[in-house]
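query02.cif follows (mmCIF, C-alpha atoms):
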```cif
data_model
#
loop_
_atom_site.label_atom_id
_atom_site.label_comp_id
_atom_site.auth_asym_id
_atom_site.auth_seq_id
_atom_site.Cartn_x
_atom_site.Cartn_y
_atom_site.Cartn_z
CA MET A 285 35.27 -0.58 156.24
CA GLN A 286 36.46 2.91 157.13
CA ARG A 287 36.89 3.93 153.50
CA LEU A 288 33.49 2.61 152.49
CA GLY A 289 31.75 3.82 155.63
CA VAL A 290 30.13 0.48 156.45
CA ARG A 291 29.45 -0.96 159.89
CA TRP A 292 30.05 -4.66 159.25
CA PRO A 293 32.72 -6.55 157.27
CA VAL A 294 29.94 -8.46 155.49
CA VAL A 295 29.40 -8.48 151.74
CA GLN A 296 26.34 -9.98 150.07
CA ALA A 297 27.52 -11.97 147.06
CA PRO A 298 26.08 -10.92 143.69
CA MET A 299 23.73 -13.66 142.46
CA ALA A 300 22.56 -13.17 138.88
CA GLY A 301 19.05 -14.41 138.22
CA SER A 302 18.13 -14.58 141.92
CA GLN A 303 18.20 -10.96 143.01
CA GLY A 304 17.94 -7.33 142.06
CA SER A 305 18.50 -4.06 143.88
CA ALA A 306 16.01 -4.92 146.66
CA LEU A 307 18.35 -7.44 148.28
CA ALA A 308 21.34 -5.12 147.96
CA LEU A 309 19.38 -2.27 149.55
CA ALA A 310 18.37 -4.44 152.51
CA VAL A 311 21.99 -5.42 153.18
CA CYS A 312 23.17 -1.83 152.86
CA SER A 313 20.48 -0.63 155.28
CA ALA A 314 21.84 -3.06 157.89
CA GLY A 315 25.42 -1.83 157.56
CA GLY A 316 26.87 -4.37 155.12
CA VAL A 317 27.86 -4.09 151.46
CA GLY A 318 25.03 -5.05 149.12
CA SER A 319 25.83 -6.21 145.60
CA LEU A 320 24.04 -5.91 142.28
CA PRO A 321 24.80 -8.61 139.67
CA ALA A 322 24.96 -7.00 136.22
CA ALA A 323 26.13 -9.85 133.97
CA THR A 324 22.62 -10.80 132.83
CA LEU A 325 21.15 -7.28 132.76
CA SER A 326 20.57 -5.27 129.62
CA LEU A 327 22.09 -1.80 129.66
CA ASP A 328 18.65 -0.27 130.20
CA ALA A 329 17.91 -2.63 133.09
CA LEU A 330 21.32 -1.89 134.61
CA ARG A 331 20.60 1.84 134.42
CA GLN A 332 17.24 1.38 136.14
CA GLU A 333 18.75 -0.63 138.98
CA LEU A 334 21.57 1.87 139.46
CA GLU A 335 19.04 4.69 139.62
CA ILE A 336 17.35 2.88 142.51
CA LEU A 337 20.61 2.12 144.31
CA SER A 338 22.01 5.62 143.91
CA GLN A 339 18.86 7.16 145.38
CA GLN A 340 18.04 4.66 148.13
CA ALA A 341 21.21 2.88 149.26
CA GLN A 342 22.08 3.69 152.87
CA GLY A 343 25.75 2.89 152.57
CA ALA A 344 28.22 1.38 150.15
CA TYR A 345 27.20 -1.04 147.42
CA SER A 346 28.96 -3.03 144.73
CA VAL A 347 28.10 -3.56 141.08
CA ASN A 348 29.39 -6.86 139.73
CA PHE A 349 30.37 -7.80 136.18
CA PHE A 350 31.82 -10.82 134.39
CA CYS A 351 35.11 -10.56 132.51
CA HIS A 352 34.99 -13.66 130.33
CA ALA A 353 36.12 -13.61 126.72
CA PRO A 354 33.12 -14.33 124.47
CA PRO A 355 33.80 -17.68 122.78
CA PRO A 356 33.65 -18.21 119.02
CA HIS A 357 30.71 -20.21 117.76
CA ASP A 358 31.33 -23.90 117.14
CA PRO A 359 28.45 -25.21 114.99
CA VAL A 360 29.56 -28.83 115.35
CA ARG A 361 29.73 -28.66 119.14
CA GLU A 362 26.47 -26.75 119.39
CA ALA A 363 24.71 -29.36 117.24
CA ALA A 364 26.14 -32.15 119.37
CA TRP A 365 24.86 -30.38 122.49
CA LEU A 366 21.38 -30.23 121.04
CA ASP A 367 21.55 -33.97 120.42
CA ALA A 368 22.64 -34.56 124.02
CA LEU A 369 19.71 -32.48 125.29
CA ARG A 370 17.07 -34.08 123.09
CA PRO A 371 16.04 -36.81 125.60
CA LEU A 372 15.40 -34.18 128.26
CA ALA A 373 13.55 -31.97 125.80
CA ASP A 374 11.35 -34.88 124.76
CA ARG A 375 10.64 -35.80 128.37
CA PHE A 376 9.30 -32.32 129.18
CA GLY A 377 7.80 -31.52 125.78
CA ALA A 378 10.23 -28.68 125.12
CA GLN A 379 11.10 -27.32 121.69
CA LEU A 380 14.86 -27.06 121.22
CA PRO A 381 16.06 -23.80 119.63
CA ALA A 382 17.25 -23.51 116.05
CA GLY A 383 20.06 -21.47 114.60
CA GLN A 384 23.20 -20.18 116.25
CA ALA A 385 23.65 -20.26 120.02
CA VAL A 386 22.92 -17.00 121.82
CA ALA A 387 24.91 -15.79 124.84
CA ALA A 388 22.77 -14.83 127.85
CA ARG A 389 25.66 -13.22 129.75
CA ALA A 390 27.83 -10.37 128.52
CA PRO A 391 31.29 -9.36 129.75
CA PHE A 392 32.10 -5.86 131.02
CA SER A 393 32.39 -3.43 128.14
CA PRO A 394 32.92 0.26 127.32
CA GLU A 395 29.13 0.50 126.95
CA ALA A 396 28.59 -0.85 130.45
CA LEU A 397 31.20 1.58 131.77
CA ALA A 398 29.29 4.44 130.14
CA VAL A 399 26.15 3.36 132.00
CA ILE A 400 27.74 3.15 135.44
CA ARG A 401 29.96 6.25 135.06
CA PRO A 402 27.32 8.84 136.10
CA TYR A 403 26.47 6.85 139.25
CA ARG A 404 30.05 6.24 140.38
CA PRO A 405 29.35 3.15 142.48
CA PRO A 406 31.77 2.90 145.41
CA VAL A 407 32.74 -0.69 144.52
CA VAL A 408 32.93 -2.33 141.10
CA SER A 409 33.62 -6.05 141.37
CA PHE A 410 34.48 -8.65 138.77
CA HIS A 411 34.30 -12.40 138.20
CA PHE A 412 36.71 -14.26 135.89
CA GLY A 413 39.57 -11.78 136.20
CA LEU A 414 39.65 -8.06 135.44
CA PRO A 415 38.66 -5.91 132.45
CA ALA A 416 41.11 -4.18 130.13
CA ALA A 417 43.46 -1.70 131.82
CA PRO A 418 41.88 1.47 130.31
CA LEU A 419 38.45 0.49 131.64
CA LEU A 420 39.92 -0.29 135.04
CA ALA A 421 41.78 3.03 135.16
CA GLU A 422 38.60 5.01 134.60
CA ILE A 423 36.80 3.17 137.39
CA LYS A 424 39.66 3.92 139.77
CA ALA A 425 39.74 7.55 138.65
CA TRP A 426 36.41 8.32 140.35
CA GLY A 427 37.64 6.69 143.56
CA ALA A 428 35.89 3.34 143.34
CA GLN A 429 37.40 0.22 144.83
CA VAL A 430 37.99 -2.67 142.42
CA TRP A 431 37.37 -6.18 143.75
CA SER A 432 37.76 -9.53 142.02
CA THR A 433 37.65 -13.24 142.78
CA ALA A 434 40.61 -15.61 143.06
CA THR A 435 40.31 -19.39 143.32
CA THR A 436 44.07 -20.05 143.46
CA VAL A 437 47.12 -18.28 144.85
CA ASP A 438 48.35 -17.59 141.32
CA GLU A 439 45.08 -15.84 140.50
CA ALA A 440 45.35 -13.76 143.68
CA ARG A 441 48.85 -12.62 142.79
CA TRP A 442 47.72 -11.81 139.24
CA LEU A 443 44.80 -9.75 140.51
CA GLU A 444 46.98 -7.76 142.90
CA LYS A 445 49.54 -7.10 140.17
CA ASN A 446 46.85 -5.94 137.76
CA GLY A 447 45.05 -3.50 140.01
CA ALA A 448 42.60 -5.24 142.36
CA ASP A 449 42.13 -3.33 145.63
CA VAL A 450 40.44 -6.27 147.37
CA ILE A 451 40.64 -9.98 146.56
CA ILE A 452 37.78 -12.40 147.22
CA ALA A 453 39.21 -15.83 148.04
CA GLN A 454 36.61 -18.28 146.76
CA GLY A 455 36.84 -21.72 148.32
CA LEU A 456 35.63 -24.85 146.60
CA GLU A 457 32.61 -24.87 148.94
CA ALA A 458 31.12 -21.76 147.31
CA GLY A 459 27.87 -21.91 145.38
CA GLY A 460 27.45 -20.63 141.85
CA HIS A 461 30.14 -20.08 139.26
CA ARG A 462 33.77 -20.65 140.07
CA GLY A 463 35.69 -17.42 139.54
CA MET A 464 38.65 -19.29 138.02
CA PHE A 465 40.28 -17.54 135.07
CA LEU A 466 43.94 -18.56 134.75
CA THR A 467 43.06 -22.22 134.26
CA ALA A 468 40.07 -24.40 133.45
CA ASP A 469 41.45 -27.32 135.50
CA VAL A 470 39.02 -27.95 138.37
CA THR A 471 41.64 -30.01 140.20
CA THR A 472 43.36 -26.71 141.07
CA GLN A 473 40.38 -25.72 143.22
CA THR A 474 40.75 -26.08 146.98
CA SER A 475 38.66 -25.54 150.08
CA LEU A 476 38.55 -22.17 151.79
CA LEU A 477 40.36 -23.65 154.80
CA ALA A 478 43.40 -24.33 152.61
CA LEU A 479 43.08 -21.44 150.16
CA LEU A 480 42.42 -18.44 152.40
CA PRO A 481 45.60 -18.44 154.54
CA GLN A 482 47.73 -19.01 151.45
CA ILE A 483 46.23 -16.02 149.66
CA VAL A 484 46.46 -13.82 152.77
CA ARG A 485 50.16 -14.69 152.97
CA ALA A 486 50.75 -14.10 149.24
CA VAL A 487 49.24 -10.61 148.78
CA GLN A 488 49.27 -7.25 150.51
CA VAL A 489 45.70 -6.15 149.74
CA PRO A 490 42.72 -7.06 151.94
CA VAL A 491 41.19 -10.49 151.35
CA LEU A 492 37.52 -11.40 151.71
CA ALA A 493 36.56 -15.02 152.37
CA ALA A 494 33.84 -16.71 150.30
CA GLY A 495 32.56 -20.27 150.34
CA GLY A 496 30.81 -22.29 153.05
CA ILE A 497 30.05 -19.27 155.25
CA ALA A 498 26.44 -19.15 156.42
CA ASP A 499 26.51 -18.43 160.14
CA ALA A 500 28.48 -16.87 162.99
CA GLN A 501 30.83 -19.84 163.32
CA GLY A 502 31.77 -19.57 159.66
CA VAL A 503 32.51 -15.87 160.02
CA ARG A 504 34.73 -16.45 163.04
CA ALA A 505 36.64 -19.21 161.24
CA ALA A 506 37.27 -17.02 158.20
CA LEU A 507 38.57 -14.12 160.30
CA ALA A 508 40.79 -16.49 162.29
CA LEU A 509 42.40 -17.52 158.98
CA GLY A 510 43.23 -13.92 158.14
CA ALA A 511 40.23 -12.64 156.18
CA ALA A 512 39.40 -8.94 156.41
CA GLY A 513 35.72 -9.80 155.96
CA VAL A 514 33.34 -12.30 154.43
CA GLN A 515 31.26 -12.56 151.28
CA VAL A 516 28.07 -14.61 151.74
CA GLY A 517 25.79 -15.82 148.98
CA THR A 518 23.67 -18.93 149.55
CA ALA A 519 22.33 -17.79 152.92
CA TYR A 520 20.85 -14.67 151.29
CA LEU A 521 18.96 -16.78 148.73
CA LEU A 522 16.45 -17.62 151.47
CA SER A 523 15.84 -13.96 152.34
CA PRO A 524 12.42 -12.59 151.35
CA GLU A 525 14.16 -9.75 149.47
CA ALA A 526 15.79 -12.26 147.09
CA GLN A 527 14.09 -13.23 143.84
CA THR A 528 14.95 -16.90 144.29
CA HIS A 529 12.67 -19.11 142.20
CA PRO A 530 10.17 -20.97 144.43
CA LEU A 531 11.52 -24.34 143.26
CA HIS A 532 15.07 -23.22 144.09
CA ARG A 533 13.98 -21.94 147.49
CA ALA A 534 12.21 -25.22 148.25
CA ALA A 535 15.30 -27.23 147.29
CA LEU A 536 17.45 -25.10 149.62
CA LEU A 537 15.09 -25.87 152.50
CA SER A 538 15.03 -29.61 151.78
CA SER A 539 17.39 -32.43 152.67
CA ARG A 540 18.67 -32.28 149.09
CA ALA A 541 20.58 -29.10 149.96
CA GLY A 542 23.32 -31.24 151.49
CA HIS A 543 24.20 -32.76 148.11
CA THR A 544 25.90 -30.26 145.79
CA ALA A 545 28.37 -30.70 142.95
CA LEU A 546 30.23 -28.73 140.32
CA THR A 547 28.53 -28.74 136.94
CA ASN A 548 28.91 -26.98 133.61
CA VAL A 549 25.73 -28.24 131.96
CA PHE A 550 23.72 -25.07 132.59
CA THR A 551 26.17 -22.45 131.31
CA GLY A 552 29.40 -24.08 130.11
CA ARG A 553 31.49 -23.11 133.18
CA PRO A 554 31.92 -25.02 136.44
CA ALA A 555 29.42 -23.87 139.06
CA ARG A 556 28.20 -25.47 142.29
CA GLY A 557 24.55 -26.38 142.68
CA ILE A 558 22.20 -28.89 144.27
CA VAL A 559 22.33 -32.09 142.23
CA ASN A 560 19.31 -32.67 140.00
CA ARG A 561 18.29 -34.71 136.94
CA ALA A 562 20.02 -32.53 134.33
CA MET A 563 23.32 -32.63 136.20
CA ARG A 564 23.20 -36.41 136.62
CA GLU A 565 22.06 -37.29 133.11
CA LEU A 566 24.27 -34.84 131.20
CA GLY A 567 27.42 -35.31 133.27
CA ASP A 568 30.25 -37.55 132.11
CA GLY A 569 30.79 -40.71 134.14
CA ALA A 570 30.40 -40.15 137.85
CA THR A 571 30.71 -36.35 137.56
CA CYS A 572 28.19 -33.62 136.82
CA LEU A 573 30.57 -32.04 134.30
CA SER A 574 30.17 -32.60 130.57
CA ALA A 575 32.85 -32.35 127.90
CA ARG A 576 30.04 -31.86 125.36
CA ALA A 577 28.76 -28.57 126.79
CA PRO A 578 29.56 -25.53 124.61
CA ALA A 579 31.88 -22.90 126.02
CA PHE A 580 30.51 -20.41 128.55
CA PRO A 581 27.95 -18.95 128.33
CA LEU A 582 26.59 -20.67 125.19
CA ALA A 583 25.49 -23.92 126.88
CA GLY A 584 22.57 -22.11 128.50
CA TRP A 585 21.01 -21.23 125.14
CA ALA A 586 19.64 -24.72 124.54
CA MET A 587 18.91 -25.46 128.21
CA ALA A 588 16.55 -22.49 128.61
CA PRO A 589 13.41 -23.96 126.94
CA ILE A 590 13.87 -27.29 128.73
CA ARG A 591 14.17 -25.53 132.07
CA ALA A 592 11.04 -23.48 131.36
CA ALA A 593 9.04 -26.57 130.44
CA ALA A 594 10.14 -28.49 133.52
CA GLU A 595 9.44 -25.56 135.84
CA ALA A 596 5.98 -25.16 134.30
CA ALA A 597 5.36 -28.75 135.41
CA GLY A 598 6.51 -27.88 138.93
CA LEU A 599 9.85 -29.70 138.61
CA ASP A 600 13.38 -28.42 139.28
CA ASP A 601 14.97 -31.20 137.18
CA CYS A 602 16.57 -28.71 134.78
CA THR A 603 16.90 -25.63 137.00
CA PRO A 604 20.35 -24.43 138.12
CA LEU A 605 19.91 -24.74 141.88
CA TRP A 606 23.03 -22.79 142.81
CA ALA A 607 24.08 -23.46 146.40
CA GLY A 608 27.23 -23.75 148.47
CA GLN A 609 28.16 -26.69 150.65
CA ALA A 610 26.94 -24.91 153.79
CA ALA A 611 23.38 -24.66 152.43
CA PRO A 612 21.96 -26.91 155.20
CA LEU A 613 23.05 -24.27 157.73
CA CYS A 614 21.05 -21.48 156.08
CA GLU A 615 17.89 -20.05 157.62
CA PRO A 616 15.10 -18.04 155.95
CA LEU A 617 15.93 -14.71 157.55
CA PRO A 618 15.35 -11.13 156.36
CA ALA A 619 18.52 -9.88 154.70
CA ALA A 620 19.04 -7.11 157.25
CA GLU A 621 18.78 -9.51 160.19
CA LEU A 622 21.20 -11.96 158.58
CA THR A 623 23.66 -9.15 157.89
CA ARG A 624 23.56 -7.93 161.48
CA ARG A 625 24.04 -11.45 162.86
CA LEU A 626 27.08 -12.09 160.68
CA GLY A 627 28.49 -8.64 161.33
CA ALA A 628 28.13 -8.94 165.09
CA ALA A 629 29.99 -12.24 164.96
CA ALA A 630 32.83 -10.55 163.09
CA LEU A 631 33.17 -7.70 165.56
CA ALA A 632 32.99 -10.11 168.49
CA ALA A 633 35.77 -12.19 166.95
CA TRP A 634 37.93 -9.12 166.44
CA GLY A 635 37.30 -8.05 170.02
CA ALA A 636 38.28 -11.48 171.32
CA ASP A 637 41.49 -11.38 169.30
CA ALA A 638 42.32 -7.93 170.62
CA GLY A 639 41.70 -9.02 174.18
CA ALA A 640 43.91 -12.10 173.76
CA ALA A 641 46.70 -10.01 172.27
CA THR A 642 46.68 -7.47 175.12
CA GLY A 643 45.91 -9.89 177.93
CA GLY A 644 42.72 -8.01 178.67
CA PRO A 645 39.11 -9.12 178.58
CA SER A 646 37.59 -10.05 175.25
CA ALA A 647 34.84 -7.94 173.70
#
```
As structure tokens - that is how I would like this structure written.
Amino acid sequence: MQRLGVRWPVVQAPMAGSQGSALALAVCSAGGVGSLPAATLSLDALRQELEILSQQAQGAYSVNFFCHAPPPHDPVREAAWLDALRPLADRFGAQLPAGQAVAARAPFSPEALAVIRPYRPPVVSFHFGLPAAPLLAEIKAWGAQVWSTATTVDEARWLEKNGADVIIAQGLEAGGHRGMFLTADVTTQTSLLALLPQIVRAVQVPVLAAGGIADAQGVRAALALGAAGVQVGTAYLLSPEAQTHPLHRAALLSSRAGHTALTNVFTGRPARGIVNRAMRELGDGATCLSARAPAFPLAGWAMAPIRAAAEAAGLDDCTPLWAGQAAPLCEPLPAAELTRRLGAAALAAWGADAGAATGGPSA
């Protein structure tokens, strides 16, 4: 907090497709760390958003990138995926795409580095590991902090060894894509309650807690387990500054928000969202995961027209309704107000701990 010059140990999670710089600016203005998701932005769009952030941000902000390895095309698997999607496409009158699958998300690259270099964002964060060492070295050379997500203790140790300044411990409760990168085995994923203290014990760098945190009680619990701060995503999806699709926003405010599951049918990687028709019908057995889905991010290529057709009919049956398990606790608050509430809870918890340690009154 001192190095970044922020008031609260609260980070707004980057949420591609549901936000732009407006949400990040609102969080920064309230004393937290706002985040810009860059994985789905073109280089020109990224430059435009950075221009806004660099001129208007009142505090530190983070720019987030993916670090996945682009998969080779598998024509047989892609054709089988089209066959699996055909019943949904027919139901909504969607035209399935032809030709080779197209990736809608790009990993961090030298070209992306060239775009962000003139702006020198104070934090550059990553999902699915870290970029190549030369790229990382240049980011660190201008004084930026490097953050990345760990879903296991082994990933946390790897990140520390390979240059991460801050590790985000992502519990199984978290919405959106799992940050897992050393394994694809979802049985290695554990709740934040179990994961966070293990990571705090295993590394020397600060650890942020992510997953199932939506209110003051969640913040206090994370700090009690050793977190240096919290990263919150789903709660910000209900903020007016977010670009959350109206169908997604409605689902978050409904009783359905209490039923989430991991699925790979929208992108090819496990991600947590509110259960809907696509997840149920494309999942294998009793799960919402499909062995037929092409590797990340190619599965989304064929899902896109079906999603568009369903949404045009006012249905979220094929929309990725990303949400964490604490979604029922979320309230539709302005981003600045939510940030201040969570931040005040963190400082109160720290004050109580200090008072207990000294025998004096708690703050």
**Study point:** Selection near region 460-474 of chain A, 8 Å with all atoms listed in the file, sequence-local residues under 5 positions removed, as a ChimeraX atom specification
**Key:** /A:299,411-413,433-436,438-439,454-455,479,553-557,606-608
Would you output that residue set with C-alpha atoms, as a tab-separated table (two decimals), in the coordinates of the input?
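Result file selection38.tsv:
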```tsv
chain	number	residue	atom	x	y	z
A	299	MET	CA	23.73	-13.66	142.46
A	411	HIS	CA	34.30	-12.40	138.20
A	412	PHE	CA	36.71	-14.26	135.89
A	413	GLY	CA	39.57	-11.78	136.20
A	433	THR	CA	37.65	-13.24	142.78
A	434	ALA	CA	40.61	-15.61	143.06
A	435	THR	CA	40.31	-19.39	143.32
A	436	THR	CA	44.07	-20.05	143.46
A	438	ASP	CA	48.35	-17.59	141.32
A	439	GLU	CA	45.08	-15.84	140.50
A	454	GLN	CA	36.61	-18.28	146.76
A	455	GLY	CA	36.84	-21.72	148.32
A	479	LEU	CA	43.08	-21.44	150.16
A	553	ARG	CA	31.49	-23.11	133.18
A	554	PRO	CA	31.92	-25.02	136.44
A	555	ALA	CA	29.42	-23.87	139.06
A	556	ARG	CA	28.20	-25.47	142.29
A	557	GLY	CA	24.55	-26.38	142.68
A	606	TRP	CA	23.03	-22.79	142.81
A	607	ALA	CA	24.08	-23.46	146.40
A	608	GLY	CA	27.23	-23.75	148.47
```
Point to revise | Close residues, Gly289 (chain A) itself excluded, 12 Å, only C-alpha atoms, min 2 positions apart in chain, as a list in words | key: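 These residues fall inside the cut-off: Met285, Gln286, Arg287, Arg291, Trp292, Pro293, Cys312, Gly315, Gly316, Val317, Gln342, Gly343, Ala344, Tyr345 and Pro406 of chain A.
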**Study point:** Point-to-point distance in Å for CA of Pro612 (chain A) and CA of Ala592 (chain A)
**Key:**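 It comes out at 26.4 Å.
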Check your understanding: What separation in Å, quoted to one decimal, exists between CA of Ala628 (chain A) and CA of Ala314 (chain A)?
Key -> 11.2 Å
Check your understanding: By how many Å are CA of Gln384 (chain A) and CA of Thr547 (chain A) apart?
Key ->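 Computing the Euclidean distance for CA of Gln384 (chain A) and CA of Thr547 (chain A) yields 23.0 Å.
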Study note, to complete from the structure: One residue among A:Ser302, A:Val549, A:Leu320, A:Thr571 is nearest to Leu531 (chain A) when using only C-alpha atoms, and that residue is A:Ser302
Review point. Excluding same-chain residues fewer than 5 positions from Val294 (chain A), what lies within 10 Å of it counting all atoms listed in the file, as JSON, numbers by chain?
Key: {"A": [285, 311, 312, 315, 316, 317, 318, 492, 493, 503, 512, 513, 514, 515, 516, 622, 623, 624, 625, 626, 627, 628, 630]}
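Within 8 Å of Val407 (chain A), once all atoms listed in the file are used and residues closer than 6 positions along the same chain are dropped, the contacting residues are Ala344, Tyr345, Ser346, Val347, Ala428, Gln429, Val430 and Trp431 of chain A.
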Review point. What residues come out when you apply the PyMOL selection byres ((chain A and resi 445) around 12) to this file, written as a ChimeraX atom specification?
Key: /A:413-414,417,438-444,446-451,486-489
Practice item. Pull out every residue that the PyMOL selection byres ((chain A and resi 495) around 6) matches in the shown coordinates and put them as a list of chain:residue names. Key: A:Gln454, A:Gly455, A:Glu457, A:Ala458, A:Ala494, A:Gly496, A:Ile497
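Around Leu537 (chain A), within 10 Å and counting all atoms listed in the file, the residues found are Leu522, His532, Arg533, Ala534, Arg540, Ala541, Gly542, Ala611, Pro612, Leu613, Cys614, Glu615 and Pro616 of chain A, once anything fewer than 3 positions away on its own chain is removed.
Across A:Leu397, A:Leu372, A:Ala500, A:Gly598, the tightest approach to Pro418 (chain A) is made by A:Leu397 when counting all atoms listed in the file.
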Point to revise | Counting all atoms listed in the file, the residue of A:Ala396, A:Ala526, A:Ala594, A:Leu521 that sits nearest Ser305 (chain A) | key: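 The answer is A:Ala526, which sits nearest to Ser305 (chain A).
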Review point. Care to translate the PyMOL selection byres ((chain A and resi 575-578) around 9) into actual residues of this file, as a list in words?
Key: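 This file gives the following for the PyMOL selection byres ((chain A and resi 575-578) around 9): His357, Asp358, Arg361, Glu362, Ala364, Trp365, Ala368, Asn548, Val549, Phe550, Thr551, Gly552, Arg553, Leu566, Gly567, Asp568, Leu573, Ser574, Ala579, Phe580, Pro581, Leu582, Ala583 and Gly584 of chain A.
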Check your understanding: Restricting the calculation to all atoms listed in the file, which member of A:Pro589, A:Gly304, A:Gly383, A:Gly377 is positioned closest to Leu330 (chain A)?
Key -> A:Gly304
Point to revise | Exercise: residues within 7 Å of coordinate (44.8, -18.5, 148.7), counting only C-alpha atoms, as a PyMOL selection string | key: chain A and resi 436-437+440+453+479-484
Exercise for review: Counting all atoms listed in the file, find the residues whose atoms lie at most 10 Å from (23.4, 1.7, 122.5) (file coordinates) and write them out as a PyMOL selection string.
Suggested key: chain A and resi 327-328+395-396
Check your understanding: Using all atoms listed in the file, which residue out of A:Glu595, A:Leu605, A:Ser326, A:Met587 lies closest to Asn560 (chain A)?
Key -> A:Leu605
Study note, to complete from the structure: Of A:Ala597, A:Ala390, A:Ala519, A:Ala382, the one sitting nearest Glu621 (chain A) when using all atoms listed in the file is A:Ala519
Write region 457-473 of chain A as a PDB file, in the frame of the given file, completed to N, CA and C atoms.
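Result written to part-v4.pdb:
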```pdb
ATOM      1  N   GLU A 457      33.943 -24.687 148.355  1.00  0.00           N
ATOM      2  CA  GLU A 457      32.610 -24.870 148.940  1.00  0.00           C
ATOM      3  C   GLU A 457      31.571 -23.922 148.347  1.00  0.00           C
ATOM      4  N   ALA A 458      32.014 -22.839 147.723  1.00  0.00           N
ATOM      5  CA  ALA A 458      31.120 -21.760 147.310  1.00  0.00           C
ATOM      6  C   ALA A 458      30.094 -22.206 146.271  1.00  0.00           C
ATOM      7  N   GLY A 459      28.891 -21.649 146.369  1.00  0.00           N
ATOM      8  CA  GLY A 459      27.870 -21.910 145.380  1.00  0.00           C
ATOM      9  C   GLY A 459      28.047 -21.040 144.149  1.00  0.00           C
ATOM     10  N   GLY A 460      27.379 -21.419 143.072  1.00  0.00           N
ATOM     11  CA  GLY A 460      27.450 -20.630 141.850  1.00  0.00           C
ATOM     12  C   GLY A 460      28.749 -20.827 141.097  1.00  0.00           C
ATOM     13  N   HIS A 461      28.998 -19.924 140.155  1.00  0.00           N
ATOM     14  CA  HIS A 461      30.140 -20.080 139.260  1.00  0.00           C
ATOM     15  C   HIS A 461      31.488 -19.927 139.967  1.00  0.00           C
ATOM     16  N   ARG A 462      32.389 -20.815 139.654  1.00  0.00           N
ATOM     17  CA  ARG A 462      33.770 -20.650 140.070  1.00  0.00           C
ATOM     18  C   ARG A 462      34.329 -19.406 139.390  1.00  0.00           C
ATOM     19  N   GLY A 463      35.094 -18.624 140.124  1.00  0.00           N
ATOM     20  CA  GLY A 463      35.690 -17.420 139.540  1.00  0.00           C
ATOM     21  C   GLY A 463      36.998 -17.688 138.827  1.00  0.00           C
ATOM     22  N   MET A 464      37.355 -18.919 138.606  1.00  0.00           N
ATOM     23  CA  MET A 464      38.650 -19.290 138.020  1.00  0.00           C
ATOM     24  C   MET A 464      38.824 -18.671 136.631  1.00  0.00           C
ATOM     25  N   PHE A 465      40.044 -18.184 136.356  1.00  0.00           N
ATOM     26  CA  PHE A 465      40.280 -17.540 135.070  1.00  0.00           C
ATOM     27  C   PHE A 465      41.659 -17.799 134.488  1.00  0.00           C
ATOM     28  N   LEU A 466      42.613 -18.250 135.278  1.00  0.00           N
ATOM     29  CA  LEU A 466      43.940 -18.560 134.750  1.00  0.00           C
ATOM     30  C   LEU A 466      44.032 -20.001 134.260  1.00  0.00           C
ATOM     31  N   THR A 467      43.077 -20.818 134.658  1.00  0.00           N
ATOM     32  CA  THR A 467      43.060 -22.220 134.260  1.00  0.00           C
ATOM     33  C   THR A 467      41.627 -22.719 134.237  1.00  0.00           C
ATOM     34  N   ALA A 468      41.379 -23.755 133.460  1.00  0.00           N
ATOM     35  CA  ALA A 468      40.070 -24.400 133.450  1.00  0.00           C
ATOM     36  C   ALA A 468      40.116 -25.740 134.186  1.00  0.00           C
ATOM     37  N   ASP A 469      41.241 -26.043 134.818  1.00  0.00           N
ATOM     38  CA  ASP A 469      41.450 -27.320 135.500  1.00  0.00           C
ATOM     39  C   ASP A 469      40.825 -27.281 136.886  1.00  0.00           C
ATOM     40  N   VAL A 470      39.714 -27.999 137.075  1.00  0.00           N
ATOM     41  CA  VAL A 470      39.020 -27.950 138.370  1.00  0.00           C
ATOM     42  C   VAL A 470      39.816 -28.621 139.481  1.00  0.00           C
ATOM     43  N   THR A 471      40.831 -29.391 139.145  1.00  0.00           N
ATOM     44  CA  THR A 471      41.640 -30.010 140.200  1.00  0.00           C
ATOM     45  C   THR A 471      42.506 -28.987 140.919  1.00  0.00           C
ATOM     46  N   THR A 472      42.605 -27.771 140.394  1.00  0.00           N
ATOM     47  CA  THR A 472      43.360 -26.710 141.070  1.00  0.00           C
ATOM     48  C   THR A 472      42.549 -26.060 142.186  1.00  0.00           C
ATOM     49  N   GLN A 473      41.274 -26.377 142.271  1.00  0.00           N
ATOM     50  CA  GLN A 473      40.380 -25.720 143.220  1.00  0.00           C
ATOM     51  C   GLN A 473      40.456 -26.382 144.590  1.00  0.00           C
TER      52      GLN A 473
END
```
